[in-house]
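Q: For reference, the structure I am asking about is given below.
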Amino acid sequence: MHNANVFQVLESHRIGCIPGERLRRELLAHSAFINRLAFDRELNGHTGCVNRISWNRTGSLLASASDDCTCILWDSAGVAPPLQFETGHTRNIFGVRFLPESGDRVLVTGAMDNQVRLHQLREEGEVKTKAFRCHTDRVKDVEVEPGNAHNFWSASEDGTIRQFDRRTADVQVLVSLDEHCSAAHSELKSLSINAARPWLLAAACGDPVARVWDRRMVGSAYSPAAYRFSFLEEAAAAGRPGRLRWNTSVHATYVRFSSRGDELLVNYHGEGAYLFDLHRDPLPCNSFTP
C-alpha cells in the first residue's frame, strides 16, 4: 500500500518520472483510497459456506453459490428481494457465472458432483436447468467470455478444460493437462478469460505454474504448451531473488486477468498473491502476502 502524497504522485507522472502503468498501480494501492472502503451490509440467505460470487456486467446483480447447493441473486441496491433457487447439484458449488447477453437470466454453475449446469430463469421464479455430466472429477470453476452468449468453459480436477456451446449441446475438451504437465496427475483449480484478448485463457493448476493458452491454437500443430507464461520456471532459471520459487507444496489456486488484459493475478496456496505484467518481465510486478 502506498502512502505518498497523491498530488506528488500525479506531479511526478506529469513531469515524466512515473510512467503510466506505475501511476495506475500506485493510485489503485494508495492508502488514501483504500482507507475509504467501508462495510456496506451483510447478505443472509445461505445455510452453508459461500464458495463463489459473481457480478453481472453492470454490477446491479450479485450471484452467490454455496455448499447448500443453491444459488442466490442479490440486488446490489437492496431494493428487490433476493431470488434463491435450487441448482440440482448434489455437492458443494465452486463456480458460478452470468452468461453474457442473456438479460441476466442465464447462469452457469459447476460443483463437486462433477457436473456443470446451465440455468435459465423464467417468469415467476421458475428455473429450467440442463446438466452436463462430462467431467470425471470435481468442477472447481466456470468461465464466460464478455459478449459471447453461446459459449462457456469449465475447469475440473480431472485435469481438463472443457468448452460448451449451448446452441448445439456440444462439449469439447479444449485442454488436457496430461499433455502439458510432467506431474502424474494435475488438477485445475481456477480459470480466467482475458476480456481484452478473449483468445487468451489462463488456468491455475495443481503445480506452481500459472499457464496461459491461446484458444485459437489449441489442437493445431502449434503447441499450446509453447504459448504459456511459466512464471515460476523462468524465475528459478534466471536465479532472480525473491520468494517465488519452484516448490511442490506451493500451487496456484486462483487466476484472474485484469480488466485491461495486461496483468494476471495469481494466488498461491502456502504463499501470497502475485500480479504479473504480461507485456514485460515474467517476474511479478507486485506481491501481496499476509
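Residue names in the C-alpha cells use chain letters A, B, ... in the order shown, residue numbers from 1 in each chain, and ligand numbers from 1 in the order shown.
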Excluding Asn151 (chain A) and residues on its chain fewer than 5 positions from it, collect all residues at most 9 Å away from it, counting only C-alpha atoms, and give them as a PyMOL selection string.
A: chain A and resi 99+144-145+163-167
Q: Would you write out those residues with all heavy atoms, as a compact mmCIF listing (two decimals), in the first residue's frame?
A:
```txt
# COMPACT_ATOMS: atom_id res chain seq x y z
N LEU A 99 -24.23 -15.73 -17.84
CA LEU A 99 -23.91 -15.84 -19.25
C LEU A 99 -24.17 -14.49 -19.91
O LEU A 99 -25.28 -13.94 -19.78
CB LEU A 99 -24.75 -16.93 -19.91
CG LEU A 99 -24.26 -17.42 -21.27
CD1 LEU A 99 -22.93 -18.14 -21.13
CD2 LEU A 99 -25.29 -18.35 -21.91
N VAL A 144 -16.90 -17.44 -18.53
CA VAL A 144 -17.62 -16.98 -19.72
C VAL A 144 -16.77 -15.92 -20.41
O VAL A 144 -15.80 -15.42 -19.84
CB VAL A 144 -18.99 -16.38 -19.34
CG1 VAL A 144 -19.90 -17.45 -18.75
CG2 VAL A 144 -18.83 -15.20 -18.39
N GLU A 145 -17.14 -15.60 -21.65
CA GLU A 145 -16.44 -14.59 -22.43
C GLU A 145 -17.34 -13.38 -22.61
O GLU A 145 -18.50 -13.54 -23.02
CB GLU A 145 -16.06 -15.16 -23.80
CG GLU A 145 -15.42 -14.16 -24.73
CD GLU A 145 -15.25 -14.71 -26.13
OE1 GLU A 145 -15.37 -15.93 -26.32
OE2 GLU A 145 -15.03 -13.89 -27.06
N GLN A 163 -15.05 -26.87 -23.23
CA GLN A 163 -15.78 -25.77 -23.85
C GLN A 163 -17.17 -26.26 -24.25
O GLN A 163 -17.32 -27.31 -24.86
CB GLN A 163 -15.04 -25.27 -25.09
CG GLN A 163 -15.75 -24.16 -25.85
CD GLN A 163 -14.91 -23.62 -26.98
OE1 GLN A 163 -13.95 -22.90 -26.77
NE2 GLN A 163 -15.27 -23.98 -28.22
N PHE A 164 -18.19 -25.45 -23.90
CA PHE A 164 -19.58 -25.80 -24.14
C PHE A 164 -20.20 -24.81 -25.13
O PHE A 164 -19.85 -23.63 -25.14
CB PHE A 164 -20.39 -25.77 -22.84
CG PHE A 164 -19.86 -26.68 -21.76
CD1 PHE A 164 -18.77 -26.29 -20.99
CD2 PHE A 164 -20.46 -27.90 -21.52
CE1 PHE A 164 -18.28 -27.13 -19.99
CE2 PHE A 164 -19.97 -28.73 -20.52
CZ PHE A 164 -18.89 -28.35 -19.75
N ASP A 165 -21.12 -25.30 -25.94
CA ASP A 165 -21.88 -24.47 -26.85
C ASP A 165 -23.36 -24.76 -26.62
O ASP A 165 -23.83 -25.85 -26.94
CB ASP A 165 -21.49 -24.76 -28.31
CG ASP A 165 -22.07 -23.74 -29.28
OD1 ASP A 165 -23.18 -23.21 -29.02
OD2 ASP A 165 -21.42 -23.47 -30.31
N ARG A 166 -24.09 -23.80 -26.07
CA ARG A 166 -25.49 -24.04 -25.71
C ARG A 166 -26.39 -24.17 -26.94
O ARG A 166 -27.52 -24.65 -26.84
CB ARG A 166 -25.99 -22.92 -24.81
CG ARG A 166 -25.97 -21.54 -25.41
CD ARG A 166 -26.44 -20.50 -24.40
NE ARG A 166 -27.80 -20.70 -23.95
CZ ARG A 166 -28.68 -19.71 -23.79
NH1 ARG A 166 -28.34 -18.46 -24.01
NH2 ARG A 166 -29.90 -19.96 -23.37
N ARG A 167 -25.92 -23.77 -28.13
CA ARG A 167 -26.72 -23.89 -29.34
C ARG A 167 -26.76 -25.32 -29.85
O ARG A 167 -27.76 -25.75 -30.46
CB ARG A 167 -26.17 -22.97 -30.43
CG ARG A 167 -26.22 -21.50 -30.12
CD ARG A 167 -25.35 -20.70 -31.07
NE ARG A 167 -23.93 -21.04 -30.92
CZ ARG A 167 -22.95 -20.42 -31.56
NH1 ARG A 167 -23.24 -19.44 -32.42
NH2 ARG A 167 -21.70 -20.78 -31.37
```
Q: With only C-alpha atoms as the counted atoms, please give the residues lying no more than 9 Å from region 39-47 of chain A, apart from itself and same-chain residues fewer than 4 positions off, as an MDAnalysis selection string.
A: chainID A and resid 64:68 70:72 74 82 84
Q: Please, could you write that set of residues out with N, CA and C atoms as a compact mmCIF listing (two decimals), in the first residue's frame?
A:
```
# COMPACT_ATOMS: atom_id res chain seq x y z
N SER A 64 -24.42 -15.65 -5.81
CA SER A 64 -23.61 -16.37 -4.83
C SER A 64 -23.94 -17.86 -4.89
N ALA A 65 -22.92 -18.70 -4.77
CA ALA A 65 -23.09 -20.16 -4.83
C ALA A 65 -22.52 -20.76 -3.55
N SER A 66 -23.18 -21.79 -3.04
CA SER A 66 -22.89 -22.25 -1.68
C SER A 66 -22.83 -23.77 -1.57
N ASP A 67 -22.35 -24.22 -0.41
CA ASP A 67 -22.36 -25.65 -0.07
C ASP A 67 -23.78 -26.18 0.10
N ASP A 68 -24.76 -25.28 0.26
CA ASP A 68 -26.15 -25.73 0.40
C ASP A 68 -26.78 -26.07 -0.95
N THR A 70 -27.50 -24.25 -3.45
CA THR A 70 -28.40 -23.26 -4.02
C THR A 70 -27.60 -22.08 -4.55
N CYS A 71 -28.26 -21.28 -5.37
CA CYS A 71 -27.69 -20.04 -5.88
C CYS A 71 -28.66 -18.91 -5.53
N ILE A 72 -28.13 -17.78 -5.11
CA ILE A 72 -28.96 -16.62 -4.76
C ILE A 72 -28.53 -15.44 -5.60
N TRP A 74 -28.69 -11.44 -5.73
CA TRP A 74 -28.90 -10.31 -4.84
C TRP A 74 -28.93 -9.01 -5.64
N PRO A 82 -34.04 -10.90 -2.68
CA PRO A 82 -33.15 -11.89 -3.30
C PRO A 82 -33.94 -13.04 -3.90
N GLN A 84 -33.61 -16.95 -4.68
CA GLN A 84 -32.86 -18.17 -4.39
C GLN A 84 -33.48 -19.34 -5.14
```
Q: Pick out the closest residue to Glu124 (chain A) from this set: A:Phe85, A:Glu157, A:Val106, A:Ala111. Count only C-alpha atoms.
A: A:Phe85
Q: Any idea what the distance is between CA of Ile93 (chain A) and CA of Asp158 (chain A)?
A: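 Taking CA of Ile93 (chain A) and CA of Asp158 (chain A), their separation equals 16.2 Å.
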Q: Here is a test: counting only C-alpha atoms, which residue of A:Arg216, A:Ala196, A:Val250, A:Thr129 is nearest to Asp262 (chain A)?
A: A:Ala196
Q: Select from region 70-125 of chain A everything DSSP, run on the backbone, classes as strand (DSSP E or B), then give the selection as a list in words.
A: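 Here are the strand (DSSP E or B) residues of region 70-125 of chain A: Thr70, Cys71, Ile72, Leu73, Trp74, Asp75, Leu83, Gln84, Phe85, Glu86, Ile93, Phe94, Gly95, Val96, Arg97, Phe98, Val106, Leu107, Val108, Thr109, Gly110, Ala111, Val116, Arg117, Leu118, His119, Gln120 and Leu121 of chain A.
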Q: Can you tell me which residues surround Ile53 (chain A) at a distance of at most 9 Å, considering only C-alpha atoms, apart from same-chain residues fewer than 4 positions away, and format the answer as a list of chain:residue names?
A: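 Contacts, with the query itself left out: A:Leu62, A:Ala63, A:Ser64, A:Ala65, A:Gly95, A:Val96, A:Arg97.
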Q: Can you write out the residues you just picked, keeping N, CA and C atoms, as a CSV table (one decimal), in the first residue's frame?
A:
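In the end it all went to result.csv:
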```
chain,number,residue,atom,x,y,z
A,62,LEU,N,-25.7,-9.6,-7.9
A,62,LEU,CA,-24.6,-10.4,-7.4
A,62,LEU,C,-25.1,-11.9,-7.3
A,63,ALA,N,-24.5,-12.8,-7.9
A,63,ALA,CA,-24.8,-14.2,-7.7
A,63,ALA,C,-23.9,-14.9,-6.7
A,64,SER,N,-24.4,-15.6,-5.8
A,64,SER,CA,-23.6,-16.4,-4.8
A,64,SER,C,-23.9,-17.9,-4.9
A,65,ALA,N,-22.9,-18.7,-4.8
A,65,ALA,CA,-23.1,-20.2,-4.8
A,65,ALA,C,-22.5,-20.8,-3.6
A,95,GLY,N,-18.3,-22.9,-8.7
A,95,GLY,CA,-18.3,-22.0,-9.8
A,95,GLY,C,-19.6,-21.4,-10.1
A,96,VAL,N,-19.7,-20.1,-10.4
A,96,VAL,CA,-21.0,-19.5,-10.8
A,96,VAL,C,-20.7,-18.3,-11.7
A,97,ARG,N,-21.4,-18.2,-12.8
A,97,ARG,CA,-21.2,-17.0,-13.7
A,97,ARG,C,-22.5,-16.7,-14.4
```
Q: Please list as a PyMOL selection string every residue within 10 Å of Leu265 (chain A), counting only C-alpha atoms and excluding residues in the same chain fewer than 2 positions away.
A: chain A and resi 210+254-258+263+267+273-277+284+286-287
Q: Between CA of Leu191 (chain A) and CA of Lys130 (chain A), measure the distance and give it in Å to one decimal.
A: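 Interatomic distance here is 21.5 Å.
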Q: Could you please determine the separation between CA of Val9 (chain A) and CA of Glu26 (chain A) in Å, to one decimal place?
A: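 Separation of CA of Val9 (chain A) and CA of Glu26 (chain A): 8.1 Å.
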Q: Among the residues of region 6-249 of chain A, find those DSSP assigns to helix (DSSP H, G or I) from the backbone and print them as a VMD selection string.
A: chain A and resid 6 to 14 20 to 28 31 to 34 123 to 125 177 to 179 224 to 226 231 to 238
Q: Near Arg197 (chain A), counting only C-alpha atoms, which residues have an atom at most 12 Å away, once you skip same-chain residues fewer than 2 positions from it, shown as a ChimeraX atom specification?
A: /A:145-146,192-195,199-202,212-216,257-263,278
